[in-house]
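Have a look at the structure below before the remarks.
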Amino acid sequence: MKTSPSLQENQAILEAALLAGKVMLESGAETSRVEDTMERIIRYAIGDIGTSSAYTYVTVNGIFAKLDRVGTQFYRIDRRRYDLNKITKVNQLSRDFAGGRIGLEEMHAALQAAEKESMGQKLRHKLIYTASLSGSIMLIFGGSFDDLPAAMTAGVVAFLSCLWLTRILKVPFLSECGAAFLGGLAGLCMTSLAGRHLDLVMVGAVVPLVPGIAITNAIRDMMARHYISGVVGAIEALFIAGALGAGIAGVYWMFIL
């Protein structure tokens, strides 16, 4: 462990910790995990933190870190997408660094490579997973195999619509509402051709869009006493759920009732 790092070493340590936090937070990690990873890197490099000379602070939209002689630096997080592979990779890099198995430069280079990596799953694989999820959830809730094509089609349409709307719309939650509407409409059309349980097909349509990771992260943050991030995450998940419900309600109101 370095007891008195130079100014250049302090700067490199701070940059590596901030980059690790940035990659994790943009990939959907909860703030408590991000802060723990950053503190692990700094703690191994300079010793205990939490004093006036070194600390970290993470929110859902920003990362703060301070090191003595370098000052405080900040990263703003404007976009988030869920990539558990990146979170696992960065977390393992920090543990390898803290265990002395890799050096600071090697970890920093690996973090830069991880930041530039694209999502590991190809689109066709995501569509297969989405169809399987929508169909299986519909069956679990008591649907029949006659409804399987409708549920799988509705889930895939909703997922693709969400990807498309997220790219062209800048209004929060509107993409989820529109995707649920289009997925529900596809489920309605398919059920009219072959299917018996429209309500369960609608469940299959919205399941791929349910913010399960956001809800889990909010609970974990509150359990770790990151109350602000936890409450903000819970509110965001609640609004997404409301947008999904509004999209499905729009289908019922326009075409069924």
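We label chains A, B, ... in the order they appear in the structure tokens, count residues from 1 in each chain, and number ligands from 1 in the order shown.
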Can you list, as a VMD selection string, every protein, DNA or RNA residue that comes within 9 Å of A:Gly233 when you count only C-alpha atoms, leaving out same-chain residues fewer than 3 positions away?
-> chain A and resid 60 214 to 215 217 to 219 221 228 to 230 236 to 238
How would the residues just chosen look if you wrote them out with N, CA, C and O atoms as a compact mmCIF listing (two decimals), in the first residue's frame?
```txt
# COMPACT_ATOMS: atom_id res chain seq x y z
N VAL A 60 -27.75 9.30 -7.99
CA VAL A 60 -28.22 8.64 -9.21
C VAL A 60 -27.77 9.39 -10.47
O VAL A 60 -27.77 8.82 -11.57
N ALA A 214 -34.55 -1.51 -11.45
CA ALA A 214 -34.66 -0.22 -10.77
C ALA A 214 -35.30 -0.38 -9.40
O ALA A 214 -34.86 0.26 -8.43
N ILE A 215 -36.31 -1.22 -9.29
CA ILE A 215 -36.96 -1.45 -8.00
C ILE A 215 -35.98 -2.13 -7.03
O ILE A 215 -35.86 -1.74 -5.86
N ASN A 217 -32.68 -2.03 -7.13
CA ASN A 217 -31.64 -1.08 -6.75
C ASN A 217 -32.13 -0.09 -5.71
O ASN A 217 -31.40 0.27 -4.78
N ALA A 218 -33.37 0.36 -5.85
CA ALA A 218 -33.93 1.30 -4.88
C ALA A 218 -34.01 0.67 -3.49
O ALA A 218 -33.66 1.31 -2.49
N ILE A 219 -34.43 -0.57 -3.43
CA ILE A 219 -34.52 -1.25 -2.13
C ILE A 219 -33.14 -1.45 -1.53
O ILE A 219 -32.92 -1.21 -0.33
N ASP A 221 -30.44 0.32 -2.08
CA ASP A 221 -29.88 1.60 -1.65
C ASP A 221 -30.48 2.05 -0.32
O ASP A 221 -29.75 2.55 0.55
N ILE A 228 -31.63 9.05 -0.23
CA ILE A 228 -32.00 9.93 -1.33
C ILE A 228 -32.02 9.16 -2.64
O ILE A 228 -32.99 9.21 -3.40
N SER A 229 -30.94 8.44 -2.92
CA SER A 229 -30.89 7.65 -4.15
C SER A 229 -31.97 6.58 -4.17
O SER A 229 -32.58 6.31 -5.22
N GLY A 230 -32.21 5.95 -3.02
CA GLY A 230 -33.24 4.91 -2.96
C GLY A 230 -34.62 5.44 -3.25
O GLY A 230 -35.38 4.84 -4.02
N GLU A 236 -38.82 6.87 -9.64
CA GLU A 236 -38.64 6.64 -11.08
C GLU A 236 -39.30 5.34 -11.52
O GLU A 236 -39.99 5.29 -12.54
N ALA A 237 -39.09 4.27 -10.74
CA ALA A 237 -39.70 2.99 -11.07
C ALA A 237 -41.22 3.08 -11.03
O ALA A 237 -41.92 2.49 -11.86
N LEU A 238 -41.74 3.84 -10.07
CA LEU A 238 -43.19 4.02 -9.95
C LEU A 238 -43.75 4.75 -11.17
O LEU A 238 -44.81 4.37 -11.71
```
Shell of 9 Å around A:Cys189, only C-alpha atoms, local chain residues under 5 positions omitted, as number ranges by chain | A: 150, 184, 194
Please, what distance in Å, to one decimal, runs between atom CA of A:Gly187 and atom CA of A:Lys170?
->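 Between these atoms lies a distance of 26.3 Å.
Proximity to A:Ala65 was assessed for A:Ala20, A:Met202, A:Leu244, A:Val210 counting only C-alpha atoms; the smallest distance is recorded for A:Ala20.
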Identify, with DSSP run on backbone atoms, the residues in stretch 41-128 of chain A assigned to alpha helix (DSSP H), and express the list as a count of residues only.
-> 40
Please provide the set of residues having any atom within 12 Å of A:Phe181, restricted to only C-alpha atoms, with same-chain residues fewer than 2 positions apart removed, written as a PyMOL selection string.
-> chain A and resi 154-155+157-159+161-162+165+174-179+183-188+202+205-206+209+243-255
Near-A:His108 list (10 Å; only C-alpha atoms; drop same-chain fewer than 3 positions) as an MDAnalysis selection string | chainID A and resid 12:13 15:17 19:20 93:94 103:105 111:114
Keeping only all heavy atoms, write those residues as a compact mmCIF listing (two decimals), in the first residue's frame.
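Below you can see selection-v7.txt, which holds the result:
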```txt
# COMPACT_ATOMS: atom_id res chain seq x y z
N ALA A 12 -4.02 9.93 -10.80
CA ALA A 12 -4.33 8.68 -11.49
C ALA A 12 -5.30 7.83 -10.67
O ALA A 12 -6.22 7.21 -11.22
CB ALA A 12 -3.04 7.89 -11.74
N ILE A 13 -5.13 7.81 -9.36
CA ILE A 13 -6.04 7.07 -8.49
C ILE A 13 -7.45 7.64 -8.56
O ILE A 13 -8.44 6.91 -8.68
CB ILE A 13 -5.52 7.10 -7.04
CG1 ILE A 13 -4.22 6.31 -6.92
CG2 ILE A 13 -6.57 6.52 -6.08
CD1 ILE A 13 -3.46 6.60 -5.63
N GLU A 15 -8.79 9.46 -10.99
CA GLU A 15 -9.36 9.22 -12.31
C GLU A 15 -9.85 7.79 -12.44
O GLU A 15 -10.91 7.53 -13.02
CB GLU A 15 -8.32 9.54 -13.39
CG GLU A 15 -8.02 11.02 -13.54
CD GLU A 15 -6.95 11.28 -14.58
OE1 GLU A 15 -6.43 10.28 -15.14
OE2 GLU A 15 -6.65 12.46 -14.84
N ALA A 16 -9.08 6.83 -11.93
CA ALA A 16 -9.49 5.43 -12.02
C ALA A 16 -10.75 5.17 -11.20
O ALA A 16 -11.67 4.47 -11.66
CB ALA A 16 -8.35 4.52 -11.54
N ALA A 17 -10.82 5.73 -10.00
CA ALA A 17 -11.99 5.53 -9.16
C ALA A 17 -13.24 6.16 -9.78
O ALA A 17 -14.32 5.55 -9.80
CB ALA A 17 -11.74 6.11 -7.77
N LEU A 19 -13.73 6.78 -13.00
CA LEU A 19 -14.09 6.04 -14.20
C LEU A 19 -14.82 4.75 -13.84
O LEU A 19 -15.80 4.38 -14.50
CB LEU A 19 -12.84 5.74 -15.02
CG LEU A 19 -13.05 4.97 -16.32
CD1 LEU A 19 -14.00 5.72 -17.25
CD2 LEU A 19 -11.72 4.72 -17.03
N ALA A 20 -14.35 4.06 -12.81
CA ALA A 20 -15.02 2.84 -12.37
C ALA A 20 -16.46 3.15 -11.93
O ALA A 20 -17.40 2.44 -12.31
CB ALA A 20 -14.25 2.20 -11.22
N LEU A 93 -12.52 -6.01 -11.37
CA LEU A 93 -11.28 -5.27 -11.54
C LEU A 93 -10.87 -4.57 -10.26
O LEU A 93 -9.68 -4.56 -9.88
CB LEU A 93 -11.44 -4.25 -12.67
CG LEU A 93 -11.41 -4.78 -14.11
CD1 LEU A 93 -11.80 -3.69 -15.09
CD2 LEU A 93 -10.03 -5.34 -14.46
N SER A 94 -11.85 -3.99 -9.57
CA SER A 94 -11.51 -3.31 -8.31
C SER A 94 -11.03 -4.29 -7.26
O SER A 94 -10.12 -3.99 -6.48
CB SER A 94 -12.74 -2.54 -7.80
OG SER A 94 -13.74 -3.43 -7.32
N GLY A 103 -2.04 -3.92 -11.41
CA GLY A 103 -1.60 -2.59 -11.02
C GLY A 103 -2.60 -1.52 -11.41
O GLY A 103 -3.61 -1.78 -12.10
N LEU A 104 -2.32 -0.29 -11.01
CA LEU A 104 -3.23 0.82 -11.28
C LEU A 104 -3.35 1.09 -12.77
O LEU A 104 -4.45 1.30 -13.28
CB LEU A 104 -2.73 2.07 -10.55
CG LEU A 104 -3.58 3.34 -10.72
CD1 LEU A 104 -4.99 3.11 -10.20
CD2 LEU A 104 -2.92 4.53 -10.02
N GLU A 105 -2.24 1.10 -13.48
CA GLU A 105 -2.28 1.37 -14.91
C GLU A 105 -3.05 0.28 -15.66
O GLU A 105 -3.82 0.57 -16.58
CB GLU A 105 -0.86 1.49 -15.46
CG GLU A 105 -0.10 2.71 -14.96
CD GLU A 105 1.26 2.82 -15.59
OE1 GLU A 105 1.60 1.94 -16.43
OE2 GLU A 105 2.00 3.78 -15.28
N LEU A 111 -10.54 -0.50 -17.46
CA LEU A 111 -11.76 0.29 -17.25
C LEU A 111 -12.10 1.10 -18.51
O LEU A 111 -13.27 1.22 -18.88
CB LEU A 111 -11.58 1.23 -16.06
CG LEU A 111 -11.55 0.58 -14.68
CD1 LEU A 111 -11.17 1.61 -13.61
CD2 LEU A 111 -12.90 -0.05 -14.34
N GLN A 112 -11.10 1.66 -19.15
CA GLN A 112 -11.34 2.41 -20.39
C GLN A 112 -11.88 1.49 -21.48
O GLN A 112 -12.76 1.88 -22.25
CB GLN A 112 -10.04 3.09 -20.84
CG GLN A 112 -9.61 4.23 -19.96
CD GLN A 112 -8.28 4.82 -20.37
OE1 GLN A 112 -7.40 4.11 -20.85
NE2 GLN A 112 -8.12 6.12 -20.20
N ALA A 113 -11.36 0.27 -21.54
CA ALA A 113 -11.86 -0.70 -22.52
C ALA A 113 -13.30 -1.09 -22.21
O ALA A 113 -14.13 -1.22 -23.12
CB ALA A 113 -10.96 -1.93 -22.54
N ALA A 114 -13.61 -1.26 -20.92
CA ALA A 114 -14.97 -1.63 -20.53
C ALA A 114 -15.96 -0.51 -20.85
O ALA A 114 -17.10 -0.76 -21.24
CB ALA A 114 -15.01 -1.97 -19.04
```
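For the atom pair formed by atom CA of A:Gly71 and atom CA of A:Glu35, the distance is 17.9 Å, given to one decimal.
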Neighbouring residues of A:Gly195 were defined as those with any atom within 7 Å, considering only C-alpha atoms; residues of the same chain fewer than 3 positions away were excluded. Please report them as a CSV table (one decimal) with N, CA and C atoms, in the first residue's frame.
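The file below, out-v7.csv, is the result:
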```csv
chain,number,residue,atom,x,y,z
A,146,ASP,N,-52.8,-21.6,-26.5
A,146,ASP,CA,-53.4,-20.8,-27.6
A,146,ASP,C,-53.0,-19.4,-27.6
A,147,ASP,N,-52.7,-18.8,-26.4
A,147,ASP,CA,-52.3,-17.4,-26.3
A,147,ASP,C,-50.8,-17.2,-26.4
A,150,ALA,N,-49.7,-14.8,-29.3
A,150,ALA,CA,-50.0,-13.4,-29.1
A,150,ALA,C,-49.2,-12.8,-28.0
A,191,THR,N,-54.6,-11.7,-30.5
A,191,THR,CA,-55.6,-12.4,-29.8
A,191,THR,C,-56.9,-12.5,-30.6
A,192,SER,N,-57.2,-11.5,-31.4
A,192,SER,CA,-58.4,-11.6,-32.2
A,192,SER,C,-58.3,-12.7,-33.3
```
Computed interatomic separation between atom CA of A:Glu26 and atom CA of A:Asp83 (Å) | 8.5 Å
Fewer than 4 positions away in the same chain doesn't count, so skip those; otherwise give me all residues within 9 Å of A:Met138, counting only C-alpha atoms, as a list in words.
-> Leu133, Ser134, Gly142, Gly143, Ser144, Asp147, Leu148, Ala151, Met152, Leu200, Val201, Met202, Val203 and Gly204 of chain A
Do you know which residues are at most 7 Å from stretch 127-132 of chain A counting only C-alpha atoms, after dropping those on the same chain fewer than 3 positions away, and could you put them as a count of residues only?
-> 9
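Minimum atom-to-atom distances from A:Leu7, A:Ile77, A:Ala45, A:Ala241 to A:Leu25 were compared using only C-alpha atoms, and the lowest value belongs to A:Ile77.
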